[in-house]
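Q: Next comes input07.pdb, PDB, C-alpha atoms:
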```
ATOM      1  CA  MET A   1       0.000   0.000   0.000
ATOM      2  CA  THR A   2       1.253   3.451  -0.832
ATOM      3  CA  SER A   3       1.230   5.819   2.121
ATOM      4  CA  SER A   4      -0.413   9.208   1.823
ATOM      5  CA  GLU A   5       2.946  10.912   2.472
ATOM      6  CA  GLU A   6       4.266   9.546  -0.824
ATOM      7  CA  THR A   7       1.381  10.990  -2.833
ATOM      8  CA  PRO A   8       2.018  14.671  -3.714
ATOM      9  CA  SER A   9      -1.430  15.076  -5.255
ATOM     10  CA  PHE A  10      -4.637  13.201  -5.921
ATOM     11  CA  ARG A  11      -6.000  12.545  -9.417
ATOM     12  CA  LEU A  12      -9.685  12.046 -10.115
ATOM     13  CA  ALA A  13     -10.768  10.723 -13.514
ATOM     14  CA  TYR A  14     -14.361  11.343 -14.602
ATOM     15  CA  VAL A  15     -16.444  10.461 -17.627
ATOM     16  CA  PRO A  16     -18.662  12.864 -19.621
ATOM     17  CA  GLY A  17     -21.894  13.819 -17.896
ATOM     18  CA  VAL A  18     -20.602  13.218 -14.367
ATOM     19  CA  THR A  19     -20.204  16.412 -12.334
ATOM     20  CA  PRO A  20     -17.728  15.969  -9.448
ATOM     21  CA  GLY A  21     -17.785  19.620  -8.400
ATOM     22  CA  LYS A  22     -19.406  19.086  -4.972
ATOM     23  CA  TRP A  23     -16.946  16.337  -4.001
ATOM     24  CA  VAL A  24     -13.981  18.365  -5.234
ATOM     25  CA  ARG A  25     -15.088  21.311  -3.086
ATOM     26  CA  ILE A  26     -15.356  19.109   0.029
ATOM     27  CA  TRP A  27     -11.941  17.598  -0.717
ATOM     28  CA  ASN A  28     -10.357  21.056  -0.951
ATOM     29  CA  GLU A  29     -11.946  22.038   2.372
ATOM     30  CA  ARG A  30     -10.783  18.914   4.201
ATOM     31  CA  LEU A  31      -7.382  18.384   2.578
ATOM     32  CA  PRO A  32      -6.161  21.826   1.451
ATOM     33  CA  ASP A  33      -2.552  20.583   1.375
ATOM     34  CA  VAL A  34      -3.307  17.791  -1.120
ATOM     35  CA  PRO A  35      -4.210  19.285  -4.521
ATOM     36  CA  LEU A  36      -6.833  17.377  -6.497
ATOM     37  CA  THR A  37      -6.367  17.142 -10.264
ATOM     38  CA  LEU A  38      -9.309  16.350 -12.573
ATOM     39  CA  VAL A  39      -8.652  14.005 -15.489
ATOM     40  CA  GLY A  40     -11.360  13.840 -18.167
ATOM     41  CA  VAL A  41     -11.657  10.451 -19.885
ATOM     42  CA  SER A  42     -14.169   8.801 -22.184
ATOM     43  CA  ALA A  43     -16.390   6.073 -20.771
ATOM     44  CA  ALA A  44     -14.544   3.454 -22.826
ATOM     45  CA  GLU A  45     -11.122   4.628 -21.615
ATOM     46  CA  ALA A  46     -11.958   4.930 -17.911
ATOM     47  CA  SER A  47     -10.971   1.439 -16.731
ATOM     48  CA  ASP A  48      -7.713   1.459 -18.720
ATOM     49  CA  ALA A  49      -6.843   4.880 -17.307
ATOM     50  CA  LEU A  50      -7.160   3.516 -13.771
ATOM     51  CA  ARG A  51      -5.169   0.365 -14.501
ATOM     52  CA  GLY A  52      -2.533   2.519 -16.195
ATOM     53  CA  ARG A  53      -2.336   4.685 -13.035
ATOM     54  CA  GLU A  54      -3.326   7.823 -14.892
ATOM     55  CA  ALA A  55      -5.653   8.550 -11.967
ATOM     56  CA  ASP A  56      -6.039   7.414  -8.350
ATOM     57  CA  VAL A  57      -9.818   7.003  -8.563
ATOM     58  CA  GLY A  58     -12.409   7.409 -11.300
ATOM     59  CA  LEU A  59     -16.078   8.258 -11.621
ATOM     60  CA  VAL A  60     -17.130   5.764 -14.291
ATOM     61  CA  ARG A  61     -20.217   4.344 -15.947
ATOM     62  CA  LEU A  62     -21.063   0.697 -15.368
ATOM     63  CA  PRO A  63     -20.558  -1.832 -16.718
ATOM     64  CA  ILE A  64     -16.779  -1.631 -17.034
ATOM     65  CA  ASP A  65     -13.995  -4.177 -17.242
ATOM     66  CA  ARG A  66     -13.515  -4.924 -13.519
ATOM     67  CA  THR A  67     -10.171  -6.674 -13.904
ATOM     68  CA  ALA A  68      -8.031  -5.583 -10.905
ATOM     69  CA  LEU A  69     -10.541  -2.824 -10.089
ATOM     70  CA  SER A  70     -12.830  -2.188  -7.146
ATOM     71  CA  ALA A  71     -16.062  -0.270  -7.706
ATOM     72  CA  ILE A  72     -18.752   1.245  -5.504
ATOM     73  CA  PRO A  73     -22.046   2.111  -7.271
ATOM     74  CA  LEU A  74     -23.057   5.667  -6.364
ATOM     75  CA  TYR A  75     -26.306   6.452  -8.191
ATOM     76  CA  THR A  76     -28.471   5.517 -11.163
ATOM     77  CA  GLU A  77     -29.494   7.925 -13.905
ATOM     78  CA  THR A  78     -32.743   8.204 -15.783
ATOM     79  CA  THR A  79     -32.511   7.372 -19.494
ATOM     80  CA  VAL A  80     -34.032   9.887 -21.913
ATOM     81  CA  VAL A  81     -34.640  10.292 -25.632
ATOM     82  CA  VAL A  82     -33.326  13.491 -27.227
ATOM     83  CA  VAL A  83     -35.715  14.901 -29.850
ATOM     84  CA  PRO A  84     -36.252  18.160 -31.780
ATOM     85  CA  LYS A  85     -38.609  20.536 -29.986
ATOM     86  CA  ASP A  86     -41.134  20.243 -32.818
ATOM     87  CA  HIS A  87     -41.182  16.423 -32.650
ATOM     88  CA  VAL A  88     -44.449  14.745 -31.580
ATOM     89  CA  MET A  89     -42.686  13.174 -28.564
ATOM     90  CA  ALA A  90     -41.947  16.634 -27.206
ATOM     91  CA  THR A  91     -45.660  16.955 -26.408
ATOM     92  CA  VAL A  92     -45.755  14.033 -23.925
ATOM     93  CA  ASP A  93     -44.233  13.552 -20.472
ATOM     94  CA  GLU A  94     -42.549  10.193 -21.158
ATOM     95  CA  VAL A  95     -42.301   7.501 -23.811
ATOM     96  CA  SER A  96     -41.673   3.767 -24.017
ATOM     97  CA  ALA A  97     -39.068   1.994 -26.126
ATOM     98  CA  ALA A  98     -41.843   0.577 -28.310
ATOM     99  CA  GLU A  99     -42.920   4.114 -29.268
ATOM    100  CA  LEU A 100     -39.492   4.634 -30.886
ATOM    101  CA  ALA A 101     -40.006   1.736 -33.311
ATOM    102  CA  ASP A 102     -40.701   3.888 -36.386
ATOM    103  CA  ASP A 103     -37.898   6.408 -35.795
ATOM    104  CA  ILE A 104     -34.210   6.190 -36.610
ATOM    105  CA  VAL A 105     -32.425   5.881 -33.268
ATOM    106  CA  LEU A 106     -28.757   6.839 -33.440
ATOM    107  CA  HIS A 107     -26.192   4.572 -31.778
ATOM    108  CA  PRO A 108     -22.907   6.447 -31.205
ATOM    109  CA  LEU A 109     -19.696   4.488 -30.737
ATOM    110  CA  ASP A 110     -19.303   5.834 -27.193
ATOM    111  CA  ASP A 111     -22.783   4.697 -26.117
ATOM    112  CA  THR A 112     -22.804   3.311 -22.555
ATOM    113  CA  LEU A 113     -26.344   1.872 -22.348
ATOM    114  CA  ASP A 114     -26.506  -1.910 -22.149
ATOM    115  CA  TRP A 115     -29.422  -2.782 -24.459
ATOM    116  CA  GLU A 116     -30.687  -6.322 -25.022
ATOM    117  CA  ASP A 117     -32.888  -5.176 -27.904
ATOM    118  CA  ARG A 118     -32.085  -1.710 -29.178
ATOM    119  CA  PRO A 119     -35.221   0.307 -30.102
ATOM    120  CA  GLY A 120     -36.008   2.051 -33.368
ATOM    121  CA  ARG A 121     -34.439   1.696 -36.785
ATOM    122  CA  PRO A 122     -30.640   1.868 -37.085
ATOM    123  CA  ALA A 123     -28.955   4.640 -39.055
ATOM    124  CA  ASN A 124     -26.741   3.859 -42.020
ATOM    125  CA  GLU A 125     -23.657   4.802 -40.002
ATOM    126  CA  ARG A 126     -22.892   5.067 -36.323
ATOM    127  CA  PRO A 127     -21.801   8.532 -35.127
ATOM    128  CA  ALA A 128     -18.339   8.585 -33.561
ATOM    129  CA  THR A 129     -19.435  10.361 -30.379
ATOM    130  CA  THR A 130     -22.534  11.369 -28.462
ATOM    131  CA  ALA A 131     -21.803  14.994 -29.360
ATOM    132  CA  ASP A 132     -21.878  14.077 -33.070
ATOM    133  CA  ALA A 133     -25.168  12.229 -32.554
ATOM    134  CA  VAL A 134     -26.726  15.289 -30.921
ATOM    135  CA  GLU A 135     -25.804  17.353 -33.974
ATOM    136  CA  LEU A 136     -27.539  14.782 -36.189
ATOM    137  CA  VAL A 137     -30.678  14.943 -34.027
ATOM    138  CA  ALA A 138     -30.692  18.726 -34.485
ATOM    139  CA  ALA A 139     -30.370  18.173 -38.240
ATOM    140  CA  GLY A 140     -33.446  15.915 -38.227
ATOM    141  CA  VAL A 141     -31.550  12.703 -39.037
ATOM    142  CA  GLY A 142     -32.804  10.688 -36.077
ATOM    143  CA  LEU A 143     -33.312  10.467 -32.311
ATOM    144  CA  LEU A 144     -30.854   9.663 -29.539
ATOM    145  CA  VAL A 145     -31.315   7.702 -26.295
ATOM    146  CA  VAL A 146     -28.770   8.602 -23.583
ATOM    147  CA  PRO A 147     -28.389   9.034 -19.811
ATOM    148  CA  GLN A 148     -30.038  12.267 -18.701
ATOM    149  CA  SER A 149     -26.745  13.901 -17.674
ATOM    150  CA  LEU A 150     -25.441  13.566 -21.243
ATOM    151  CA  ALA A 151     -28.606  15.165 -22.596
ATOM    152  CA  ARG A 152     -27.963  18.072 -20.259
ATOM    153  CA  LEU A 153     -24.278  18.217 -21.132
ATOM    154  CA  HIS A 154     -25.062  18.558 -24.858
ATOM    155  CA  HIS A 155     -28.109  20.777 -24.408
ATOM    156  CA  ARG A 156     -29.272  22.845 -27.376
ATOM    157  CA  LYS A 157     -32.105  25.363 -27.537
ATOM    158  CA  ASP A 158     -33.703  23.556 -30.468
ATOM    159  CA  LEU A 159     -33.728  20.165 -28.705
ATOM    160  CA  THR A 160     -35.459  18.667 -25.683
ATOM    161  CA  TYR A 161     -35.645  15.251 -24.044
ATOM    162  CA  ARG A 162     -38.184  12.928 -22.432
ATOM    163  CA  PRO A 163     -37.724   9.921 -20.069
ATOM    164  CA  VAL A 164     -37.883   6.453 -21.636
ATOM    165  CA  THR A 165     -39.748   4.338 -19.087
ATOM    166  CA  ASP A 166     -38.422   0.880 -19.976
ATOM    167  CA  ALA A 167     -34.888   1.664 -21.169
ATOM    168  CA  PRO A 168     -31.788   0.367 -19.355
ATOM    169  CA  GLU A 169     -30.478   2.842 -16.814
ATOM    170  CA  SER A 170     -26.936   4.111 -16.488
ATOM    171  CA  ARG A 171     -25.160   3.500 -13.179
ATOM    172  CA  VAL A 172     -22.313   5.740 -12.060
ATOM    173  CA  ALA A 173     -19.672   4.230  -9.785
ATOM    174  CA  LEU A 174     -16.453   5.158  -8.030
ATOM    175  CA  SER A 175     -13.628   2.844  -9.087
ATOM    176  CA  TRP A 176      -9.937   2.373  -8.244
ATOM    177  CA  LEU A 177      -7.170  -0.243  -8.337
ATOM    178  CA  GLU A 178      -8.087  -2.789  -5.673
ATOM    179  CA  ASP A 179      -4.433  -3.236  -4.646
ATOM    180  CA  GLU A 180      -3.958   0.502  -4.119
ATOM    181  CA  THR A 181      -6.605   1.438  -1.591
ATOM    182  CA  THR A 182      -4.517   4.221  -0.066
ATOM    183  CA  ASP A 183      -5.483   6.534   2.786
ATOM    184  CA  LEU A 184      -6.340   9.232   0.237
ATOM    185  CA  VAL A 185      -8.560   6.820  -1.679
ATOM    186  CA  GLU A 186     -10.342   5.976   1.582
ATOM    187  CA  GLU A 187     -10.748   9.693   2.221
ATOM    188  CA  PHE A 188     -12.398  10.247  -1.151
ATOM    189  CA  ILE A 189     -14.659   7.206  -0.644
ATOM    190  CA  GLY A 190     -15.832   8.787   2.589
ATOM    191  CA  ILE A 191     -16.547  12.074   0.825
ATOM    192  CA  VAL A 192     -18.668  10.575  -1.960
ATOM    193  CA  ARG A 193     -20.539   8.454   0.581
ATOM    194  CA  GLY A 194     -21.420  11.529   2.598
ATOM    195  CA  ARG A 195     -19.343  10.856   5.688
ATOM    196  CA  THR A 196     -18.709  13.879   7.864
ATOM    197  CA  VAL A 197     -15.236  15.051   8.774
ATOM    198  CA  ASN A 198     -15.716  13.576  12.286
ATOM    199  CA  SER A 199     -17.056  10.224  11.081
ATOM    200  CA  THR A 200     -15.579   7.176  12.799
ATOM    201  CA  ARG A 201     -15.898   5.114   9.622
ATOM    202  CA  GLY A 202     -12.978   4.610   7.285
ATOM    203  CA  ARG A 203      -9.330   4.784   8.214
ATOM    204  CA  PRO A 204      -8.523   6.485  11.545
ATOM    205  CA  LYS A 205      -6.405   9.596  11.373
ATOM    206  CA  PRO A 206      -2.985   9.610  13.108
ATOM    207  CA  GLN A 207      -4.332  11.982  15.785
ATOM    208  CA  ALA A 208      -7.222   9.616  16.472
ATOM    209  CA  GLN A 209      -4.848   6.661  16.689
ATOM    210  CA  ALA A 210      -2.644   8.504  19.182
ATOM    211  CA  LYS A 211      -5.635   9.412  21.353
ATOM    212  CA  ALA A 212      -6.883   5.835  21.274
ATOM    213  CA  LYS A 213      -3.486   4.516  22.384
ATOM    214  CA  ALA A 214      -3.259   7.053  25.215
ATOM    215  CA  LYS A 215      -6.767   6.162  26.373
ATOM    216  CA  ALA A 216      -5.954   2.460  26.356
ATOM    217  CA  LYS A 217      -2.800   3.151  28.388
ATOM    218  CA  ASP A 218      -4.787   5.125  30.968
ATOM    219  CA  LYS A 219      -7.256   2.266  31.303
ATOM    220  CA  ARG A 220      -4.459  -0.231  31.896
ATOM    221  CA  THR A 221      -2.951   2.055  34.557
ATOM    222  CA  ASP A 222      -6.305   2.475  36.328
ATOM    223  CA  LYS A 223      -6.941  -1.256  36.222
ATOM    224  CA  GLY A 224      -3.514  -2.018  37.690
ATOM    225  CA  GLY A 225      -4.014   0.423  40.561
ATOM    226  CA  ALA A 226      -7.573  -0.595  41.409
ATOM    227  CA  GLY A 227      -6.539  -3.903  43.037
ATOM    228  CA  ARG A 228      -3.788  -2.470  45.252
ATOM    229  CA  LYS A 229      -4.406  -2.405  49.008
ATOM    230  CA  PRO A 230      -3.440   0.661  51.013
ATOM    231  CA  ALA A 231      -0.213   0.332  52.949
ATOM    232  CA  ALA A 232      -0.595  -0.690  56.599
ATOM    233  CA  GLY A 233      -0.274   2.026  59.182
ATOM    234  CA  LYS A 234      -1.479   4.836  56.927
ATOM    235  CA  SER A 235      -4.393   6.920  58.001
ATOM    236  CA  GLY A 236      -7.075   8.275  55.732
ATOM    237  CA  ALA A 237      -8.461   5.008  54.289
ATOM    238  CA  ARG A 238     -12.175   5.250  54.981
ATOM    239  CA  THR A 239     -14.573   2.307  55.179
ATOM    240  CA  VAL A 240     -18.280   2.248  55.750
ATOM    241  CA  GLY A 241     -19.261   0.249  58.815
ATOM    242  CA  LYS A 242     -22.303  -2.022  58.875
ATOM    243  CA  SER A 243     -23.648  -0.957  62.269
ATOM    244  CA  GLY A 244     -25.588   2.249  62.140
ATOM    245  CA  GLY A 245     -23.944   3.319  58.910
ATOM    246  CA  LYS A 246     -21.200   5.055  60.840
ATOM    247  CA  THR A 247     -17.788   5.651  59.392
ATOM    248  CA  THR A 248     -14.716   4.466  61.236
ATOM    249  CA  ARG A 249     -11.054   5.049  60.581
ATOM    250  CA  SER A 250      -8.522   2.275  60.084
ATOM    251  CA  GLY A 251      -4.827   2.564  60.732
ATOM    252  CA  SER A 252      -2.642   3.632  63.616
ATOM    253  CA  ALA A 253      -4.312   6.910  64.467
ATOM    254  CA  ALA A 254      -4.680   7.527  68.221
ATOM    255  CA  PRO A 255      -8.213   7.406  69.713
ATOM    256  CA  LYS A 256      -9.951  10.690  70.237
ATOM    257  CA  ALA A 257      -9.555  12.366  73.626
ATOM    258  CA  ALA A 258     -12.538  12.428  75.999
ATOM    259  CA  LYS A 259     -14.828  15.366  75.615
ATOM    260  CA  ARG A 260     -13.868  18.170  77.924
ATOM    261  CA  GLY A 261     -16.589  19.942  79.804
ATOM    262  CA  LYS A 262     -16.710  23.434  81.269
ATOM    263  CA  PRO A 263     -14.667  23.977  84.466
ATOM    264  CA  ARG A 264     -16.803  23.945  87.589
ATOM    265  CA  ARG A 265     -16.932  27.192  89.557
ATOM    266  CA  ARG A 266     -15.610  26.942  93.096
ATOM    267  CA  PRO A 267     -17.896  28.028  95.899
TER     268      PRO A 267
END
```
Could you show the structure in this file as structure tokens?
A:
Amino acid sequence: MTSSEETPSFRLAYVPGVTPGKWVRIWNERLPDVPLTLVGVSAAEASDALRGREADVGLVRLPIDRTALSAIPLYTETTVVVVPKDHVMATVDEVSAAELADDIVLHPLDDTLDWEDRPGRPANERPATTADAVELVAAGVGLLVVPQSLARLHHRKDLTYRPVTDAPESRVALSWLEDETTDLVEEFIGIVRGRTVNSTRGRPKPQAQAKAKAKAKDKRTDKGGAGRKPAAGKSGARTVGKSGGKTTRSGSAAPKAAKRGKPRRRP
């Protein structure tokens, strides 16, 4: 495992549509001395970028090649169809995959949706990227089904989108090399999972470890002293007697002197 002291910075890879801004802000607040660098990668390149150590962690779209990688699913996105604003589907709240049967549905090479039976009619050629496919939708060539965040990323004033009720959904996950779960990786996992700065989950900080050791030492000291008997002959050890609840003193203290009364006046 690589210690956090050997890591001068922290690199976060992210795929299009994912917005890590909130987590980056929290990181900068909690670890101002460890700069975080953002590394943009395509969905297809994400797993190779992590295995090639181009980034410490990555926000990726599932499924990915999990060879040597750990992954924690974070959230699931709604799938939508991108259409021109004057298209008939722009007049409804949602559509089904079956309602796309008569339309050309573009299938870009960087598509991340895992279809068993892709809807609509295929185009003559596949666009190279989602951005290219959006341009074709604007030109009236066909429609495009994508995760909602990608529809927002490539938003145009002449286009809109509607949820597809029975389409596969896109899952976003945090992934990293399973053999390199460093302290900084654990820190970022805690951030994306919503742990507070004082959370006891995850790896303990050095200060917390030191406090825990000191506390354990104090307990051992108290336990060792609890069974010791006071030395004989010393005063001040108080015990509660059983008769009348009175308190008596043990040790070598002298008995109290008799109570002295007032001197009697001579006649």
Q: Name the residues captured by the PyMOL selection byres ((chain A and resi 37) around 12) when it is applied to the shown file; answer as a PDB file with C-alpha atoms, in the frame of the given file.
A:
```
ATOM      1  CA  PRO A   8       2.018  14.671  -3.714  1.00  0.00           C
ATOM      2  CA  SER A   9      -1.430  15.076  -5.255  1.00  0.00           C
ATOM      3  CA  PHE A  10      -4.637  13.201  -5.921  1.00  0.00           C
ATOM      4  CA  ARG A  11      -6.000  12.545  -9.417  1.00  0.00           C
ATOM      5  CA  LEU A  12      -9.685  12.046 -10.115  1.00  0.00           C
ATOM      6  CA  ALA A  13     -10.768  10.723 -13.514  1.00  0.00           C
ATOM      7  CA  TYR A  14     -14.361  11.343 -14.602  1.00  0.00           C
ATOM      8  CA  PRO A  20     -17.728  15.969  -9.448  1.00  0.00           C
ATOM      9  CA  GLY A  21     -17.785  19.620  -8.400  1.00  0.00           C
ATOM     10  CA  VAL A  24     -13.981  18.365  -5.234  1.00  0.00           C
ATOM     11  CA  TRP A  27     -11.941  17.598  -0.717  1.00  0.00           C
ATOM     12  CA  ASN A  28     -10.357  21.056  -0.951  1.00  0.00           C
ATOM     13  CA  VAL A  34      -3.307  17.791  -1.120  1.00  0.00           C
ATOM     14  CA  PRO A  35      -4.210  19.285  -4.521  1.00  0.00           C
ATOM     15  CA  LEU A  36      -6.833  17.377  -6.497  1.00  0.00           C
ATOM     16  CA  LEU A  38      -9.309  16.350 -12.573  1.00  0.00           C
ATOM     17  CA  VAL A  39      -8.652  14.005 -15.489  1.00  0.00           C
ATOM     18  CA  GLY A  40     -11.360  13.840 -18.167  1.00  0.00           C
ATOM     19  CA  GLU A  54      -3.326   7.823 -14.892  1.00  0.00           C
ATOM     20  CA  ALA A  55      -5.653   8.550 -11.967  1.00  0.00           C
ATOM     21  CA  ASP A  56      -6.039   7.414  -8.350  1.00  0.00           C
ATOM     22  CA  VAL A  57      -9.818   7.003  -8.563  1.00  0.00           C
ATOM     23  CA  GLY A  58     -12.409   7.409 -11.300  1.00  0.00           C
TER      24      GLY A  58
END
```
Q: Can you translate the PyMOL selection byres ((chain A and resi 43-50) around 10) into the concrete residues it hits in this file, as an MDAnalysis selection string?
A: chainID A and resid 12:17 39:42 51:69 109:112 175:177
Q: Which residue gives the smallest distance to Val197 (chain A) among A:Val18, A:Leu136, A:Ala151, A:Ile26, with all atoms listed in the file counted?
A: A:Ile26
Q: Between A:Arg121, A:Val145, A:His155, A:Asp102, which one has atoms that come closest to Ser170 (chain A), using all atoms listed in the file?
A: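 So, comparing all the options, the nearest one is A:Val145.
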Q: Between CA of Leu143 (chain A) and CA of Val105 (chain A), what is the distance, to one decimal in Å?
A: 4.8 Å
Q: Looking at A:Trp23, A:Arg30, A:Leu74, A:Leu106, which one is nearest to Val172 (chain A), with distances taken over all atoms listed in the file?
A: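 The shortest atom-to-atom distance to Val172 (chain A) comes from A:Leu74.
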Q: Between A:Ile104, A:Val137, A:Ala128, A:Ala97, which has the minimum distance to Thr160 (chain A) (counting only C-alpha atoms)?
A: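 For Thr160 (chain A), the nearest of the candidates is A:Val137.
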Q: What do you get, as a ChimeraX atom specification, if you spell out every residue that the PyMOL selection byres ((chain A and resi 84-95) around 6) selects here?
A: /A:83,96,158-160,162-164
Q: Here is a test: counting all atoms listed in the file, which residue of A:Leu150, A:Ala167, A:Ala138, A:Val185 is nearest to Trp115 (chain A)?
A: A:Ala167
Q: Can you measure CA of Tyr161 (chain A) to CA of Asp103 (chain A) for me? One decimal in Å is fine.
A: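 CA of Tyr161 (chain A) sits 14.9 Å away from CA of Asp103 (chain A).
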Q: Mind giving me the straight-line distance from CA of Arg25 (chain A) to CA of Glu169 (chain A) in Å, one decimal?
A: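 So the answer is 27.7 Å.
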Q: Taking all listed atoms of region 142-160 of chain A, build the axis-aligned box, pad each of the six sides by 4 Å, then write its centre and edge lengths in Å to one decimal as AutoDock Vina command-line options.
A:
```
--center_x -29.9 --center_y 16.5 --center_z -26.9 --size_x 19.2 --size_y 25.7 --size_z 26.4
```
